[in-house]
Amino acid sequence: MQALLAMWSEKFVGYPDGSDLPAHHDHCLGCGPENPHGHRLRAVRHGDGVQAWHTFDNRHVGAPGIAHGGAVATVVDDLYGFLLFLEGGPAVTRQLAVDYLAPVLIGTTYRLDAQVARREGRKLFVTAGATAPDGRPVITSTAVFVKVSVEHFAQGISPDVPGD
Ligand SMILES: CCCCCCCCCCCCCC(=O)SCCNC(=O)CCNC(=O)[C@H](O)C(C)(C)COP(=O)(O)OP(=O)(O)OC[C@H]1O[C@@H](n2cnc3c(N)ncnc32)[C@H](O)[C@@H]1OP(=O)(O)O
């Protein structure tokens, strides 16, 4: 477990504009390359925010041809998680709101952007959006993240839980 926590700490280094950001960990539902059910989201630093291009597939279908709203929320939540690499330390989702403006279609690639709107003590007020290839916004979101210590994550780690 200590190795896992140390690995996570090492991810909070500086990332230049345009650079790839690392997965939170290998089994993360949002971005982990080893999670067979996951979205394998990849994100880059874009100015003071993060950006991703993402295509939902049939593992995440809700209504036929349309991504499940929970799957979309998962990706948005995980995108916010990439902002933490720019903030220099971990935080967790305390509140997440998603406005579904238009269906998110399976097999269509969307651009996602997220940024920190405001900081207040331990709280990060963040915003995000997803844009269709024709430029239409399909999702907007706001969330509140609360900064925690790396030790916060120790409560979920046991020999039976997959990790890196
Ligand atoms: C080990 C290595 C692996 C690590 C992997 C990491 C992956 C992560 C990747 C990311 C993946 C994606 C991300 C994920 O999936 S993160 C996973 C999903 N989220 C969680 O599991 C979080 C669960 N919740 C908690 O652990 C606690 O509630 C926390 C720690 C968050 C706060 O509990 P704590 O008892 O400490 O604090 P508090 O309850 O007094 O609240 C704190 C402050 O917040 C204010 N507040 C509350 N609600 C709202 C609101 N709606 N609007 C505005 N403000 C609000 C509240 O007034 C207070 O303000 P203030 O009084 O301080 O001013």
# chains A, B, ... in the order shown; residues from 1 in each chain; ligands from 1
>>> residues_around(residues="Gly70 of chain A", least_positions_apart="5", cutoff="9 Å", atoms="only C-alpha atoms", output="list in words")
His60, Gly62 and Val75 of chain A
>>> write_last_selection(atoms="C-alpha atoms", output="compact mmCIF listing (two decimals), in the first residue's frame")
# COMPACT_ATOMS: atom_id res chain seq x y z
CA HIS A 60 -21.39 2.40 -22.20
CA GLY A 62 -27.91 3.58 -22.47
CA VAL A 75 -15.99 10.63 -17.77
>>> select_by_dssp(residues="chain A", states="helix (DSSP H, G or I)", output="ChimeraX atom specification")
/A:2-10,58-60,69-87,150-156
>>> residues_near_ligand(ligand="ligand 1", cutoff="9 Å", atoms="only C-alpha atoms and all ligand atoms", output="MDAnalysis selection string")
chainID A and resid 1:9 23:25 28:31 74:82 84 90:96 120:125 143:148 150:154 156:157 163:164
>>> atom_distance(atom1="atom CA of Asp48 of chain A", atom2="atom CA of Gly69 of chain A")
27.2 Å
>>> atom_distance(atom1="atom CA of Ala43 of chain A", atom2="atom CA of Ala102 of chain A")
22.7 Å
>>> residues_around(residues="Gly88 of chain A", least_positions_apart="6", cutoff="9 Å", atoms="only C-alpha atoms", output="JSON, numbers by chain")
{"A": [11, 12, 13, 14]}
>>> residues_around(residues="Leu101 of chain A", least_positions_apart="5", cutoff="12 Å", atoms="only C-alpha atoms", output="JSON list (two decimals) with N, CA and C atoms, in the first residue's frame")
[["chain", "number", "residue", "atom", "x", "y", "z"],
["A", 69, "GLY", "N", -26.18, 8.15, -19.33],
["A", 69, "GLY", "CA", -25.87, 9.39, -18.62],
["A", 69, "GLY", "C", -24.86, 9.18, -17.50],
["A", 129, "GLY", "N", -17.20, 21.01, -19.92],
["A", 129, "GLY", "CA", -18.16, 20.93, -21.02],
["A", 129, "GLY", "C", -17.69, 19.93, -22.05],
["A", 130, "ALA", "N", -18.65, 19.43, -22.84],
["A", 130, "ALA", "CA", -18.33, 18.56, -23.96],
["A", 130, "ALA", "C", -18.95, 19.15, -25.21],
["A", 131, "THR", "N", -18.21, 19.08, -26.31],
["A", 131, "THR", "CA", -18.61, 19.71, -27.56],
["A", 131, "THR", "C", -18.63, 18.68, -28.68],
["A", 132, "ALA", "N", -19.70, 18.69, -29.48],
["A", 132, "ALA", "CA", -19.83, 17.76, -30.61],
["A", 132, "ALA", "C", -18.93, 18.22, -31.77],
["A", 136, "ARG", "N", -21.49, 22.06, -31.39],
["A", 136, "ARG", "CA", -22.60, 22.21, -30.45],
["A", 136, "ARG", "C", -22.20, 21.71, -29.07],
["A", 137, "PRO", "N", -22.50, 22.46, -28.01],
["A", 137, "PRO", "CA", -22.28, 21.92, -26.66],
["A", 137, "PRO", "C", -23.31, 20.84, -26.35],
["A", 138, "VAL", "N", -22.86, 19.70, -25.83],
["A", 138, "VAL", "CA", -23.81, 18.63, -25.49],
["A", 138, "VAL", "C", -23.90, 18.41, -23.99],
["A", 139, "ILE", "N", -22.88, 18.85, -23.28],
["A", 139, "ILE", "CA", -22.83, 18.68, -21.82],
["A", 139, "ILE", "C", -22.22, 19.94, -21.20],
["A", 140, "THR", "N", -22.80, 20.38, -20.10],
["A", 140, "THR", "CA", -22.08, 21.32, -19.23],
["A", 140, "THR", "C", -22.10, 20.74, -17.83],
["A", 141, "SER", "N", -21.14, 21.10, -17.02],
["A", 141, "SER", "CA", -21.05, 20.52, -15.68],
["A", 141, "SER", "C", -20.39, 21.49, -14.73]]
>>> residues_around(residues="Asn58 of chain A", least_positions_apart="4", cutoff="12 Å", atoms="only C-alpha atoms", output="PyMOL selection string")
chain A and resi 37-39+62-68+71+105-108
>>> write_last_selection(atoms="C-alpha atoms", output="CSV table (one decimal), in the first residue's frame")
chain,number,residue,atom,x,y,z
A,37,HIS,CA,-14.9,-1.8,-18.2
A,38,GLY,CA,-13.3,1.6,-18.2
A,39,HIS,CA,-13.3,4.6,-20.5
A,62,GLY,CA,-27.9,3.6,-22.5
A,63,ALA,CA,-30.7,4.2,-25.0
A,64,PRO,CA,-29.7,2.5,-28.3
A,65,GLY,CA,-26.9,4.5,-29.9
A,66,ILE,CA,-26.7,6.9,-27.0
A,67,ALA,CA,-24.2,6.9,-24.1
A,68,HIS,CA,-25.6,6.2,-20.7
A,71,ALA,CA,-21.2,6.8,-18.1
A,105,LEU,CA,-23.8,9.5,-29.4
A,106,ILE,CA,-21.9,6.2,-29.3
A,107,GLY,CA,-19.0,6.3,-31.8
A,108,THR,CA,-18.9,10.1,-32.1
>>> select_by_dssp(residues="segment 15-131 of chain A", states="strand (DSSP E or B)", output="ChimeraX atom specification")
/A:20,43-46,49-55,61,66-67,91-100,105,109-120,123-131
>>> residues_around(residues="Thr127 of chain A", least_positions_apart="5", cutoff="7 Å", atoms="only C-alpha atoms", output="PyMOL selection string")
chain A and resi 114-117+141-143
>>> residues_around(residues="Gln51 of chain A", least_positions_apart="5", cutoff="7 Å", atoms="only C-alpha atoms", output="NGL selection string")
:A and (43-46 or 112-114)
>>> write_last_selection(atoms="C-alpha atoms", output="compact mmCIF listing (two decimals), in the first residue's frame")
# COMPACT_ATOMS: atom_id res chain seq x y z
CA ALA A 43 -6.21 14.08 -21.17
CA VAL A 44 -3.69 16.81 -21.82
CA ARG A 45 -2.94 20.07 -20.11
CA HIS A 46 -4.55 22.90 -22.08
CA LEU A 112 -14.06 17.80 -23.40
CA ASP A 113 -12.65 20.73 -21.47
CA ALA A 114 -12.40 21.36 -17.74
>>> decode(residues="segment 46-159 of chain A", atoms="C-alpha atoms", output="short mmCIF file (atom, residue, chain, number, x, y, z; two decimals), in the first residue's frame")
data_model
loop_
_atom_site.label_atom_id
_atom_site.label_comp_id
_atom_site.auth_asym_id
_atom_site.auth_seq_id
_atom_site.Cartn_x
_atom_site.Cartn_y
_atom_site.Cartn_z
CA HIS A 46 -4.55 22.90 -22.08
CA GLY A 47 -3.52 26.27 -20.70
CA ASP A 48 -4.68 26.37 -17.08
CA GLY A 49 -7.21 23.59 -17.76
CA VAL A 50 -7.36 20.10 -19.22
CA GLN A 51 -8.70 18.81 -22.51
CA ALA A 52 -9.64 15.38 -23.82
CA TRP A 53 -11.09 13.85 -26.97
CA HIS A 54 -13.34 10.95 -26.17
CA THR A 55 -15.51 8.41 -28.00
CA PHE A 56 -18.03 6.32 -26.05
CA ASP A 57 -18.42 2.71 -27.20
CA ASN A 58 -21.09 0.02 -26.84
CA ARG A 59 -19.93 -0.93 -23.34
CA HIS A 60 -21.39 2.40 -22.20
CA VAL A 61 -24.68 2.48 -24.13
CA GLY A 62 -27.91 3.58 -22.47
CA ALA A 63 -30.70 4.16 -24.99
CA PRO A 64 -29.73 2.54 -28.31
CA GLY A 65 -26.89 4.47 -29.88
CA ILE A 66 -26.69 6.95 -27.00
CA ALA A 67 -24.20 6.94 -24.15
CA HIS A 68 -25.62 6.21 -20.69
CA GLY A 69 -25.87 9.39 -18.62
CA GLY A 70 -23.99 7.76 -15.76
CA ALA A 71 -21.17 6.83 -18.11
CA VAL A 72 -20.98 10.43 -19.30
CA ALA A 73 -20.90 11.65 -15.69
CA THR A 74 -18.09 9.18 -14.97
CA VAL A 75 -15.99 10.63 -17.77
CA VAL A 76 -16.69 14.22 -16.70
CA ASP A 77 -15.82 13.37 -13.08
CA ASP A 78 -12.61 11.72 -14.19
CA LEU A 79 -11.71 14.66 -16.40
CA TYR A 80 -11.93 16.87 -13.33
CA GLY A 81 -9.56 14.41 -11.69
CA PHE A 82 -6.90 15.39 -14.24
CA LEU A 83 -7.08 19.01 -13.06
CA LEU A 84 -5.63 17.79 -9.79
CA PHE A 85 -2.30 17.14 -11.48
CA LEU A 86 -2.17 20.89 -12.19
CA GLU A 87 -3.28 21.74 -8.66
CA GLY A 88 -0.39 19.80 -7.18
CA GLY A 89 -2.30 17.48 -4.87
CA PRO A 90 -5.28 15.15 -4.56
CA ALA A 91 -8.91 16.08 -3.99
CA VAL A 92 -12.18 14.17 -4.21
CA THR A 93 -15.58 14.92 -5.67
CA ARG A 94 -17.93 16.36 -3.04
CA GLN A 95 -20.65 17.46 -5.46
CA LEU A 96 -21.14 16.85 -9.19
CA ALA A 97 -23.80 18.31 -11.50
CA VAL A 98 -24.20 17.50 -15.18
CA ASP A 99 -26.57 19.22 -17.61
CA TYR A 100 -27.31 16.97 -20.57
CA LEU A 101 -28.05 19.41 -23.38
CA ALA A 102 -28.12 16.88 -26.22
CA PRO A 103 -27.60 13.12 -26.57
CA VAL A 104 -24.00 11.95 -26.49
CA LEU A 105 -23.78 9.50 -29.36
CA ILE A 106 -21.90 6.21 -29.34
CA GLY A 107 -19.04 6.29 -31.85
CA THR A 108 -18.86 10.08 -32.09
CA THR A 109 -15.74 11.82 -30.80
CA TYR A 110 -16.38 14.72 -28.44
CA ARG A 111 -14.01 17.37 -27.15
CA LEU A 112 -14.06 17.80 -23.40
CA ASP A 113 -12.65 20.73 -21.47
CA ALA A 114 -12.40 21.36 -17.74
CA GLN A 115 -10.97 24.13 -15.63
CA VAL A 116 -10.89 25.43 -12.08
CA ALA A 117 -13.30 28.35 -11.80
CA ARG A 118 -12.56 29.29 -8.18
CA ARG A 119 -10.59 28.16 -5.14
CA GLU A 120 -11.85 28.64 -1.60
CA GLY A 121 -9.91 27.04 1.25
CA ARG A 122 -9.88 23.29 0.62
CA LYS A 123 -12.55 23.61 -2.07
CA LEU A 124 -12.09 23.71 -5.81
CA PHE A 125 -15.09 24.89 -7.83
CA VAL A 126 -14.66 23.37 -11.28
CA THR A 127 -16.53 23.55 -14.57
CA ALA A 128 -16.51 21.35 -17.66
CA GLY A 129 -18.16 20.93 -21.02
CA ALA A 130 -18.33 18.56 -23.96
CA THR A 131 -18.61 19.71 -27.56
CA ALA A 132 -19.83 17.76 -30.61
CA PRO A 133 -17.82 17.71 -33.88
CA ASP A 134 -20.12 20.43 -35.28
CA GLY A 135 -19.32 22.70 -32.33
CA ARG A 136 -22.60 22.21 -30.45
CA PRO A 137 -22.28 21.92 -26.66
CA VAL A 138 -23.81 18.63 -25.49
CA ILE A 139 -22.83 18.68 -21.82
CA THR A 140 -22.08 21.32 -19.23
CA SER A 141 -21.05 20.52 -15.68
CA THR A 142 -20.06 22.04 -12.38
CA ALA A 143 -18.51 20.29 -9.41
CA VAL A 144 -16.99 20.88 -6.02
CA PHE A 145 -13.81 19.00 -5.16
CA VAL A 146 -12.35 18.98 -1.66
CA LYS A 147 -8.61 18.62 -1.18
CA VAL A 148 -7.53 15.60 0.85
CA SER A 149 -4.20 14.12 1.88
CA VAL A 150 -2.82 11.13 0.01
CA GLU A 151 -3.59 9.09 3.13
CA HIS A 152 -7.32 9.60 2.43
CA PHE A 153 -7.02 6.84 -0.18
CA ALA A 154 -5.58 4.30 2.25
CA GLN A 155 -9.11 3.57 3.53
CA GLY A 156 -9.99 1.89 0.21
CA ILE A 157 -6.89 -0.23 -0.14
CA SER A 158 -6.83 -3.89 0.86
CA PRO A 159 -5.14 -6.97 -0.61
#
